[in-house]
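Participant: I'd like to ask some things about the structure below.
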Amino acid sequence: MSIQALLGKKIGTTQVFKEDTGEAVCVTAIETGPCTVTQIKSSDTDGYEAVQIGFEEVKRANKPAKGHLDKSGDKLFRHLREVKASDLASVEVGQQFDAGLFEAGESINVTGVTKGRGFAGVVKRHGFKGGPKTHGQSDRHRAPGSIGAGTTPGKVLKGQRMAGRMGGDTVTTKNLEVMRSDPDSRLVLVKGSVPGGKNTLLVLTKRG
């Protein structure tokens, strides 16, 4: 075992059938790897241990990015992330990892940025019930209602659930089962949903 995570891109959802029961299972297809090791951080030089990996090659980059990636060969990457490694001694700069890092049946965590919903009201953002739809309440259907007392405390308390920006948050969905892993097609199929929309950058992390 070497690195503990890979970068991937959300492709979409589909279904697969279990070989033993024939049950249809909804899965999310993730294009994973190949991820190239671009830097190794050690306790002696950086104060902590980690492995930086690159994903999704690009043809052009600015000079700082080119200088940083010189040691990893002539490849340039759109995304760089640091991940944990169980054994730094077995990892080398320029080494590649693919979907073969994950096996069918194991559980992983998937981290991504959720879809941005823009400015949303309390019904959509927090699931409020809304106001009555009768007795003259023609404009209170999706209103929040009272947001605080009067004289005491005389203000809106911090943390009050109100309308505001919704989505665009980094979220980790834990304990997702890997249904299939195909290094040749660079695909990992995980049971259930993962954060974000199509082409969202994801971090797939081994559990434990």
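Following the order of the structure tokens, chains are lettered A, B, ..., residues in each are numbered from 1, and ligands are numbered from 1.
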Might you pull out every residue within 12 Å of stretch 112-124 of chain A, with only C-alpha atoms counted and same-chain residues fewer than 4 positions away left off, and present them as a ChimeraX atom specification?
Facilitator: /A:7-10,30,128-131,140-145,147,160-174,193-205
Participant: Mind writing the picked residues with N, CA and C atoms as a compact mmCIF listing (two decimals), in the first residue's frame?
Facilitator:
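Contents of the output file again06.txt:
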```txt
# COMPACT_ATOMS: atom_id res chain seq x y z
N LEU A 7 -7.35 11.38 -7.36
CA LEU A 7 -8.23 12.42 -7.88
C LEU A 7 -9.04 11.85 -9.03
N GLY A 8 -10.25 12.35 -9.17
CA GLY A 8 -11.11 11.89 -10.24
C GLY A 8 -12.08 12.96 -10.67
N LYS A 9 -12.88 12.63 -11.68
CA LYS A 9 -13.86 13.56 -12.23
C LYS A 9 -15.20 12.85 -12.37
N LYS A 10 -16.25 13.48 -11.88
CA LYS A 10 -17.58 12.87 -11.92
C LYS A 10 -18.09 12.83 -13.35
N ILE A 30 -17.01 7.52 -11.96
CA ILE A 30 -15.97 8.51 -11.71
C ILE A 30 -14.75 8.14 -12.55
N PHE A 128 -37.89 24.75 5.69
CA PHE A 128 -38.96 25.32 6.50
C PHE A 128 -40.32 24.95 5.91
N LYS A 129 -41.34 24.89 6.76
CA LYS A 129 -42.69 24.56 6.32
C LYS A 129 -43.34 25.70 5.56
N GLY A 130 -43.04 26.94 5.94
CA GLY A 130 -43.69 28.09 5.33
C GLY A 130 -44.94 28.49 6.10
N GLY A 131 -45.56 29.57 5.68
CA GLY A 131 -46.72 30.08 6.39
C GLY A 131 -48.02 29.50 5.87
N ARG A 140 -47.26 35.05 2.56
CA ARG A 140 -46.42 34.46 3.61
C ARG A 140 -46.12 32.99 3.35
N HIS A 141 -46.37 32.51 2.13
CA HIS A 141 -46.26 31.08 1.86
C HIS A 141 -44.85 30.55 2.10
N ARG A 142 -43.84 31.33 1.75
CA ARG A 142 -42.46 30.85 1.86
C ARG A 142 -41.62 31.77 2.76
N ALA A 143 -42.30 32.51 3.62
CA ALA A 143 -41.60 33.43 4.53
C ALA A 143 -41.07 32.67 5.75
N PRO A 144 -40.00 33.16 6.39
CA PRO A 144 -39.42 32.45 7.53
C PRO A 144 -40.22 32.59 8.81
N GLY A 145 -41.08 33.59 8.92
CA GLY A 145 -41.76 33.84 10.19
C GLY A 145 -40.89 34.66 11.12
N ILE A 147 -38.02 35.92 13.46
CA ILE A 147 -36.58 35.62 13.51
C ILE A 147 -35.97 36.03 14.85
N GLN A 160 -28.90 32.09 13.36
CA GLN A 160 -30.31 31.96 12.99
C GLN A 160 -30.43 31.52 11.54
N ARG A 161 -31.24 30.51 11.29
CA ARG A 161 -31.41 29.99 9.94
C ARG A 161 -32.27 30.96 9.11
N MET A 162 -31.65 31.51 8.09
CA MET A 162 -32.32 32.51 7.27
C MET A 162 -31.97 32.27 5.80
N ALA A 163 -32.52 33.09 4.92
CA ALA A 163 -32.19 32.99 3.50
C ALA A 163 -30.74 33.37 3.26
N GLY A 164 -30.13 32.83 2.20
CA GLY A 164 -28.75 33.17 1.89
C GLY A 164 -28.19 32.26 0.81
N ARG A 165 -26.89 32.37 0.61
CA ARG A 165 -26.23 31.57 -0.42
C ARG A 165 -26.30 30.10 -0.07
N MET A 166 -26.64 29.30 -1.05
CA MET A 166 -26.81 27.87 -0.84
C MET A 166 -25.92 27.08 -1.79
N GLY A 167 -25.31 26.04 -1.29
CA GLY A 167 -24.47 25.19 -2.12
C GLY A 167 -23.05 25.72 -2.23
N GLY A 168 -22.25 25.07 -3.08
CA GLY A 168 -20.87 25.48 -3.27
C GLY A 168 -20.00 25.16 -2.07
N ASP A 169 -20.38 24.15 -1.28
CA ASP A 169 -19.63 23.78 -0.08
C ASP A 169 -18.86 22.48 -0.32
N THR A 170 -17.72 22.37 0.35
CA THR A 170 -16.95 21.13 0.28
C THR A 170 -17.59 20.10 1.19
N VAL A 171 -17.98 18.97 0.62
CA VAL A 171 -18.70 17.94 1.36
C VAL A 171 -18.03 16.59 1.12
N THR A 172 -17.97 15.78 2.17
CA THR A 172 -17.44 14.42 2.06
C THR A 172 -18.55 13.41 2.31
N THR A 173 -18.80 12.56 1.33
CA THR A 173 -19.75 11.46 1.48
C THR A 173 -18.95 10.22 1.89
N LYS A 174 -19.28 9.68 3.05
CA LYS A 174 -18.47 8.62 3.63
C LYS A 174 -19.05 7.23 3.38
N SER A 193 -24.73 8.31 -4.52
CA SER A 193 -24.41 9.61 -5.11
C SER A 193 -23.17 10.21 -4.46
N VAL A 194 -22.55 11.13 -5.18
CA VAL A 194 -21.38 11.86 -4.67
C VAL A 194 -21.63 13.35 -4.87
N PRO A 195 -20.92 14.21 -4.14
CA PRO A 195 -21.16 15.65 -4.24
C PRO A 195 -20.83 16.21 -5.62
N GLY A 196 -21.54 17.29 -6.00
CA GLY A 196 -21.21 18.03 -7.21
C GLY A 196 -21.96 17.57 -8.44
N GLY A 197 -21.77 18.33 -9.51
CA GLY A 197 -22.38 18.02 -10.79
C GLY A 197 -21.39 17.34 -11.72
N LYS A 198 -21.74 17.27 -12.98
CA LYS A 198 -20.89 16.63 -13.96
C LYS A 198 -19.56 17.37 -14.08
N ASN A 199 -18.47 16.61 -14.20
CA ASN A 199 -17.09 17.11 -14.33
C ASN A 199 -16.54 17.74 -13.04
N THR A 200 -17.22 17.54 -11.91
CA THR A 200 -16.72 18.03 -10.63
C THR A 200 -15.46 17.26 -10.23
N LEU A 201 -14.44 17.97 -9.75
CA LEU A 201 -13.23 17.32 -9.27
C LEU A 201 -13.54 16.64 -7.94
N LEU A 202 -13.15 15.36 -7.82
CA LEU A 202 -13.41 14.58 -6.62
C LEU A 202 -12.11 14.00 -6.07
N VAL A 203 -12.09 13.81 -4.75
CA VAL A 203 -10.98 13.13 -4.09
C VAL A 203 -11.52 11.84 -3.51
N LEU A 204 -11.00 10.72 -3.98
CA LEU A 204 -11.43 9.40 -3.51
C LEU A 204 -10.40 8.90 -2.50
N THR A 205 -10.83 8.68 -1.26
CA THR A 205 -9.92 8.34 -0.17
C THR A 205 -10.27 7.00 0.41
```
Participant: Considering only C-alpha atoms, can you say which of A:Val110, A:Ala99, A:Leu80, A:Leu69 comes closest to A:Pro34?
Facilitator: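 For A:Pro34, the nearest of the given residues is A:Ala99.
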Participant: In stretch 8-93 of chain A, what's alpha helix (DSSP H) per DSSP? Answer as a short mmCIF file (atom, residue, chain, number, x, y, z; two decimals) with N, CA, C and O atoms, in the first residue's frame?
Facilitator:
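Full text of result_22.cif as output:
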```
data_model
loop_
_atom_site.label_atom_id
_atom_site.label_comp_id
_atom_site.auth_asym_id
_atom_site.auth_seq_id
_atom_site.Cartn_x
_atom_site.Cartn_y
_atom_site.Cartn_z
N SER A 43 8.81 15.01 6.85
CA SER A 43 8.87 15.72 8.12
C SER A 43 10.13 16.56 8.24
O SER A 43 10.13 17.63 8.86
N ASP A 44 11.23 16.09 7.64
CA ASP A 44 12.50 16.81 7.76
C ASP A 44 12.47 18.15 7.02
O ASP A 44 12.98 19.16 7.52
N THR A 45 11.88 18.18 5.84
CA THR A 45 11.91 19.41 5.03
C THR A 45 10.65 20.25 5.15
O THR A 45 10.70 21.47 5.03
N ASP A 46 9.51 19.61 5.39
CA ASP A 46 8.23 20.34 5.37
C ASP A 46 7.49 20.31 6.70
O ASP A 46 6.50 21.02 6.86
N LYS A 63 4.74 29.99 -15.76
CA LYS A 63 6.11 29.64 -15.41
C LYS A 63 6.25 29.06 -14.00
O LYS A 63 7.01 28.10 -13.80
N PRO A 64 5.56 29.60 -12.98
CA PRO A 64 5.68 28.97 -11.66
C PRO A 64 5.23 27.52 -11.65
O PRO A 64 5.87 26.67 -11.01
N ALA A 65 4.15 27.22 -12.36
CA ALA A 65 3.66 25.84 -12.41
C ALA A 65 4.66 24.95 -13.14
O ALA A 65 4.91 23.81 -12.73
N LYS A 66 5.23 25.46 -14.25
CA LYS A 66 6.22 24.67 -14.99
C LYS A 66 7.44 24.38 -14.12
O LYS A 66 7.96 23.26 -14.13
N GLY A 67 7.92 25.38 -13.40
CA GLY A 67 9.08 25.18 -12.54
C GLY A 67 8.82 24.17 -11.44
O GLY A 67 9.68 23.35 -11.11
N HIS A 68 7.61 24.22 -10.90
CA HIS A 68 7.27 23.29 -9.83
C HIS A 68 7.19 21.86 -10.34
O HIS A 68 7.54 20.91 -9.63
N LEU A 69 6.74 21.68 -11.59
CA LEU A 69 6.52 20.34 -12.13
C LEU A 69 7.70 19.80 -12.93
O LEU A 69 7.59 18.74 -13.53
#
```
Participant: Kindly indicate which residue among A:Lys71, A:Gly22, A:Asp98, A:Ala104 lies nearest to A:Ser185, using only C-alpha atoms for the distances.
Facilitator: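 Residue with the minimum atom-to-atom distance to A:Ser185: A:Asp98.
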Participant: Considering only strand (DSSP E or B) as DSSP defines it on the backbone, what residues of stretch 80-178 of chain A qualify? List them as an NGL selection string.
Facilitator: :A and (80-83 or 85 or 96-97 or 107-113 or 118-120 or 164-166 or 170-178)
Participant: Of the candidates A:Ile108, A:Val25, A:Val37, A:Leu88, which one gets nearest to A:Asp70 if we count only C-alpha atoms?
Facilitator: A:Val37
Participant: Point out the residue among A:Lys155, A:Arg60, A:His79, A:Lys18 with the least atom-to-atom distance to A:Cys35, counting only C-alpha atoms.
Facilitator: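 That would be A:His79, the residue with the smallest distance to A:Cys35.
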Participant: Measuring between only C-alpha atoms, which one of A:Asp139, A:Glu106, A:Asp87, A:Glu56 shows the shortest distance to A:Ser181?
Facilitator: A:Glu106
Participant: Just want the 7 Å neighbourhood of A:Val58, counted on only C-alpha atoms, with same-chain residues fewer than 4 positions away dropped. Output as number ranges by chain.
Facilitator: A: 76-78
